[in-house]
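*Asks:* Sharing a structure below in structure tokens format, with a few things to ask.
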Number of protein chains: 4
Amino acid sequence: MVIIMSPQATEEQIQAVVDKITEHKLEPHRSTGRSRTVIGVIGTEIDVDPRVFEMMAGVAEVIRITEPYKLASRAFRPEPTVVRVGNVAFGSEQVVVMAGPCSVESPEQIESIAAHVAGAGAAVLRGGAFKPRTNPYSFQGLGEEGLRLLRDAADAHGLLIVTEVVEPGQIDLVSEYADILQLGARNMHNFAFLRELGRTRRPVLLKRGFSAKIDEWLQAAEYVLSGGNEQVILCERGIRTFENHTRNTMDISAIPVVHRLSHLPVIADPSHATGRREHVLPMARAAMAAGADGLMIEVHHDPDRSVSDGSQSLGFGQFDVLMGELRRLAPVLGRTL
Amino acid sequence: MVIIMSPQATEEQIQAVVDKITEHKLEPHRSTGRSRTVIGVIGTEIDVDPRVFEMMAGVAEVIRITEPYKLASRAFRPEPTVVRVGNVAFGSEQVVVMAGPCSVESPEQIESIAAHVAGAGAAVLRGGAFKPRTNPYSFQGLGEEGLRLLRDAADAHGLLIVTEVVEPGQIDLVSEYADILQLGARNMHNFAFLRELGRTRRPVLLKRGFSAKIDEWLQAAEYVLSGGNEQVILCERGIRTFENHTRNTMDISAIPVVHRLSHLPVIADPSHATGRREHVLPMARAAMAAGADGLMIEVHHDPDRSVSDGSQSLGFGQFDVLMGELRRLAPVLGRTL
Amino acid sequence: MVIIMSPQATEEQIQAVVDKITEHKLEPHRSTGRSRTVIGVIGTEIDVDPRVFEMMAGVAEVIRITEPYKLASRAFRPEPTVVRVGNVAFGSEQVVVMAGPCSVESPEQIESIAAHVAGAGAAVLRGGAFKPRTNPYSFQGLGEEGLRLLRDAADAHGLLIVTEVVEPGQIDLVSEYADILQLGARNMHNFAFLRELGRTRRPVLLKRGFSAKIDEWLQAAEYVLSGGNEQVILCERGIRTFENHTRNTMDISAIPVVHRLSHLPVIADPSHATGRREHVLPMARAAMAAGADGLMIEVHHDPDRSVSDGSQSLGFGQFDVLMGELRRLAPVLGRTL
Amino acid sequence: MVIIMSPQATEEQIQAVVDKITEHKLEPHRSTGRSRTVIGVIGTEIDVDPRVFEMMAGVAEVIRITEPYKLASRAFRPEPTVVRVGNVAFGSEQVVVMAGPCSVESPEQIESIAAHVAGAGAAVLRGGAFKPRTNPYSFQGLGEEGLRLLRDAADAHGLLIVTEVVEPGQIDLVSEYADILQLGARNMHNFAFLRELGRTRRPVLLKRGFSAKIDEWLQAAEYVLSGGNEQVILCERGIRTFENHTRNTMDISAIPVVHRLSHLPVIADPSHATGRREHVLPMARAAMAAGADGLMIEVHHDPDRSVSDGSQSLGFGQFDVLMGELRRLAPVLGRTL
């Protein structure tokens with residue numbers, strides 16, 4: 001932390017800040033120049049709220065210089081964390097492909113999609129049983145019945161399951177069926193929920209909030225890690241900007257930034273990020289080229305409907321093309337699929 | 001809803017869209033021009049997911065023309081909703097001032113602040129007992145003990161209480177002590193939580209998510225209203241932008257926009273919006289001039305600390321100045337304090 | 001400036017940074033803690049590009065602590081600058097109202113509008129003769145003929161003129177007719193243009209770029225001031241955000257922020273900020289309540305057309321209502337109109 | 001264009017809108033439903049300002065359904081435009097690499113860099129002679145001398161030159177030395193400048209404004225194209241968002257979006273987008289994987305300085321690594337380098 005005193009700060013005010021730093025078991029380093037004093041604060045500042053100093057008389061500004069998280073940081077664990085589930089390993093050389101429909105709709109739908117994506121090389125089946133909907137009148141999912149259908153379809157084709165948990169009370173239920181628990185972007189700031197996920201021993205796929213800074217996303221991961229659950233997989237899914245040709249702006253640079261700041265694996269979801277089927281393929285390639293440890297792709301079962309504009313799900317044929325391209329890219333990037 | 005067909009759409013594709021509209025009990029109005037066909041959809045489209053049409057072959061774009069909420073809309077209820085709690089009335093001529101500390105810290109602190117803000121004319125005491133913290137290692141509040149202290153201090157000075165509920169499981173507990181339940185900005189997209197709040201009969205202060213569009217904020221209100229709780233008070237508290245001289249950018253224009261779109265009362269929180277004490281006074285005046293039905297102001301008990309830069313709480317003297325200015329503004333704007 | 005060394009920085013790298021600071025006639029203040037070294041840099045850092053240090057080996061981050069402008073800062077000139085033009089004084093107690101159409105269209109139009117706004121109490125006539133259009137095929141304005149019409153109408157009613165200069169080559173021409181030269185939001189980052197405006201002796205109304213941080217806006221002012229033209233009036237006109245119920249998000253807090261950082265007067269343009277007529281009145285009141293030194297309002301001559309939604313110009317009746325409200329607000333805020 | 005009438009619109013107001021549409025030689029298609037009327041407008045709406053209708057009584061909203069540009073659209077020219085300069089072809093199978101320093105500093109510097117980047121496989125030398133600086137006191141470039149040095153270095157190593165033109169008055173001068181004229185992000189909204197570039201016959205590299213929507217960027221291209229200059233190369237260089245681990249957020253999805261909307265080639269500048277050397281390599285790979293037709297990379301001549309954090313230029317060794325990786329990626333993506 002660096003504390004910048006205002007040019008008008010008195011000697012007493014400066015001394016009060018120095019005393020407060022010592023009181024918090026941190027080391028003050030004072031530099032007094034012609035126009036103002038700057039106080040460097042050295043120590044494990046993660047436990048101290050900078051607002052303690054911001055509120056003091058004579059303080060102009062407080063600047064953090066260490067990250068606001070510890071367990072999630074690369075400084076804490078220099079080697080990448082590998083999250084192993086069944087036969088897949090997020091954070092290894094393998095690029096894990098997760099695919100499936102937005103929502104589980106019927107036994108036939110999920111079985112047909114599971115069969116196809118397994119055949120094309122996906123390792124994990126995605127699909128929503130509980131749907132958090134912006135509109136209270138929209139379809140809210142099949143619930144536990146959806147989870148059961150997902151499990152049956154996955155087992156029939158040797159796939160793992162990732163599915164969203166919509167409220168903390170569902171964690172136990174969803175854990176009975178799913179291999180990976182997904183926390184949705186809208187819940188990324190829900191600290192009570194994060195704490196509960198920290199108590200489970202299921203891997204957590206933590207989607208970035210659509211307006212979350214990377215530091216906030218890693219702080220959300222810190223909540224889960226600090227509860228004792230070390231199996232956190234981060235997922236970039238687009239941020240809210242002024243651009244509207246895509247639903248969100250996929251922040252591909254978040255992938256190398258996270259790899260630099262943290263040891264956790266990070267995957268990408270080009271379907272939700274772009275919201276448009278025709279951009280999923282180039283953005284999946286881009287995410288992989290930027291170093292993503294996995295991809296989450298929406299695949300739709302009804303090929304007649306998927307030739308149109310406007311939605312984000314790939315048809316079976318389009319998914320096959322995508323898998324073919326990723327398979328050619330992998331060795332060039334030193335990865336496997 | 002208006003469905004724009006792509007220039008390459010076939011007659012069959014257009015007919016399929018028209019059929020689907022009819023199937024949903026809506027009226028299609030087809031316009032065919034030189035280069036493309038546009039289909040107007042008339043009816044109560046709130047129940048229909050536009051994605052149903054976006055996914056159809058030949059559809060280029062689907063544009064909503066009615067709001068994605070009903071109970072919260074002014075079309076549904078043309079007269080303003082007045083939320084009455086004790087002797088205050090949000091949405092009436094009265095501008096309700098809510099004031100108090102960020103967190104309840106001790107009996108002496110909350111008693112001293114309650115005494116002061118009541119004397120200066122505030123009607124509601126604010127203060128956090130459970131704190132949702134971005135950083136898992138930060139102080140998380142006094143819990144139920146904080147609620148008790150808040151109630152005692154409020155009762156001693158004839159104040160009402162507004163305080164944040166951090167998770168759905170706390171609703172009953174907090175309702176035992178508080179008059180108004182505050183839903184924090186980070187939980188605005190938490191639909192399960194909103195549904196639970198719809199089941200209580202306590203008024204809900206619904207803070208705008210820091211990245212929520214006004215339509216999303218009103219949809220969150222719709223969740224509460226659709227559960228049967230009609231006492232929703234909206235609260236603008238700043239949105240995330242690129243500007244960083246203020247913590248968030250206070251979207252003052254949200255006040256007249258909400259008043260136009262909805263019948264619900266809307267208040268403003270200049271303390272959290274700006275994050276800096278010195279901007280609270282001008283922004284409180286501005287919010288009131290724009291038509292805010294109330295103001296939420298952070299007031300700090302320790303006047304020695306409040307002469308400094310950097311934090312957002314007003315000292316007692318500063319709060320008195322603010323109340324004096326608002327009191328002079330009120331009659332000019334046709335309001336009372 | 002504060003230079004944060006990386007934890008791995010060698011003693012030689014630290015020494016190289018210290019030497020470079022001295023070489024630039026600045027004072028280094030070194031603080032070495034357990035995990036890293038922080039070097040405070042004291043002096044007139046405005047002349048030194050922080051990138052000089054960012055590029056050095058071992059440097060993790062460089063943080064500026066003084067503003068990136070000098071002449072525009074309140075530290076440089078503690079008293080407010082008052083820009084006097086004819087009988088108006090921007091930055092004084094007076095709130096200067098500027099009103100008129102978006103574009104000058106015909107002699108009858110501008111004469112009728114000038115007559116009305118002068119009668120209602122406006123001091124300055126606004127109106128575009130050259131229009132910078134996003135679309136190359138749109139109407140680009142009447143040109144010099146428009147300037148002449150503007151001058152005639154203004155003179156007939158005792159008004160001053162503010163009008164936009166679209167390219168540097170027009171400065172002399174526009175200066176022959178106009179009292180205040182307006183630089184449009186899209187040109188705020190056009191440094192060559194700013195430099196040319198610094199050479200004139202006409203007051204400059206400097207609109208904030210729709211994506212400009214306040215610091216960048218003040219740096220733009222610095223360009224004009226550093227050319228010797230001290231008559232700069234800043235104008236907040238909305239910033240680009242994700243919200244789309246208003247064309248831009250009017251950053252009302254920019255008004256108190258600018259007043260704190262700078263001595264220059266700052267006005268507001270609620271017409272362009274909101275883009276919707278019905279929000280102009282509440283936002284004009286809000287801007288004035290936040291301390292704006294003036295207001296720029298679009299007024300349209302054709303009352304039959306102005307009862308509708310969708311555009312941003314007020315009709316004559318609406319403008320009269322607005323002036324009435326501002327006139328009642330002024331004394332409460334210690335201002336005159 | 002689709003014109004949505006308000007529910008209160010009278011029959012006369014609807015008729016007035018229909019008449020106005022016909023007056024502009026467009027076809028109205030009226031749909032009247034239970035609650036409101038929607039009027040589809042068919043024709044070449046690019047020439048008509050939607051504000052003409054927005055201002056009319058009874059109109060609630062006007063929605064454009066065609067792009068606000070014509071010459072730049074893929075509808076106008078379905079085949080990709082290939083911009084040929086010397087032996088390079090933007091928009092062909094070739095991915096054109098442009099590399100060099102931020103600014104030309106000295107004969108030795110530019111010669112050494114030109115030699116290296118040519119050897120590593122770059123086709124175009126970049127480097128600034130005129131620097132548009134946010135800060136009026138910063139180094140503003142070597143001017144014409146810089147252009148001369150650039151030309152000499154490029155010629156010595158068989159490279160083409162791209163360099164920024166800072167004001168319209170410099171176009172002729174810069175054209176004497178440079179092969180491609182770069183328009184900087186800050187000037188993208190400078191319509192007078194765009195018009196001048198439309199009159200030259202040099203290819204123009206049009207950087208996206210840091211807050212420009214893709215539609216605005218393509219409208220800027222339309223300005224140049226409509227002047228008769230068909231050689232426009234678009235360049236994505238990051239947009240302004242709330243995220244601050246990178247200087248801007250590189251909008252990789254803009255690459256497939258532009259390829260879908262327009263026939264113009266689009267390249268990417270990961271150096272300016274990320275602002276941090278360590279992210280240039282993964283983001284260059286990502287841009288290429290997303291379909292970029294070229295890359296612009298900052299390369300710095302002094303390898304001792306380039307091992308540090310904080311700046312965006314690659315050292316020679318790092319550039320060699322990047323070129324090696326791109327060379328391996330190219331055939332997998334069906335491109336050549």
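Just remember, in the structure tokens the first chain shown is A, the second B, etc., residues are 1-based per chain, and ligands are 1-based in the order shown.
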Dump as a VMD selection string the residues of chain B that approach chain C to within 8 Å, counting only C-alpha atoms.
*Replies:* chain B and resid 211 to 214 241 to 246 249 to 253 256 to 257 274 279 282 to 283 285 to 291 328 to 329 332
*Asks:* Residues near C:Gly146, anyone? I mean within 6 Å using only C-alpha atoms, not counting same-chain ones fewer than 4 positions away, as a PDB file with N, CA and C atoms, in the first residue's frame.
*Replies:*
```pdb
ATOM      1  N   VAL C 104     -28.963  25.713 -37.731  1.00  0.00           N
ATOM      2  CA  VAL C 104     -29.629  26.852 -38.358  1.00  0.00           C
ATOM      3  C   VAL C 104     -30.231  26.349 -39.666  1.00  0.00           C
ATOM      4  N   ALA C 129     -23.916  25.814 -37.750  1.00  0.00           N
ATOM      5  CA  ALA C 129     -23.839  26.195 -39.163  1.00  0.00           C
ATOM      6  C   ALA C 129     -23.089  25.108 -39.932  1.00  0.00           C
ATOM      7  N   LEU C 142     -25.634  24.797 -43.140  1.00  0.00           N
ATOM      8  CA  LEU C 142     -25.711  25.885 -44.123  1.00  0.00           C
ATOM      9  C   LEU C 142     -24.372  26.580 -44.347  1.00  0.00           C
TER      10      LEU C 142
END
```
*Asks:* Taking 4 positions as the minimum chain separation for residues in the same chain, which residues sit within 10 Å of A:Val95 when counting only C-alpha atoms? Answer as an NGL selection string.
*Replies:* :A and (88-91 or 123 or 267 or 288 or 291-295 or 326-327 or 330 or 335-337)
*Asks:* I need the residues of stretch 80-316 of chain D that end up classed as alpha helix (DSSP H) by DSSP on the backbone, written out as a PyMOL selection string.
*Replies:* chain D and resi 107-120+144-156+171-177+191-199+214-226+254-261+270-274+280-289+316
*Asks:* Where does DSSP see strand (DSSP E or B) in stretch 125-292 of chain C, if you list the residues as a list in words?
*Replies:*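 Answer for stretch 125-292 of chain C restricted to strand (DSSP E or B) is Leu125, Arg126, Gly128, Leu160, Ile161, Val162, Thr163, Glu164, Val165, Ile180, Leu181, Gln182, Leu183, Val204, Leu205, Leu206, Lys207, Val232, Ile233, Leu234, Cys235, Glu236, Ile239, Thr249, Ser262, Val266, Ile267 and Ala268 of chain C.
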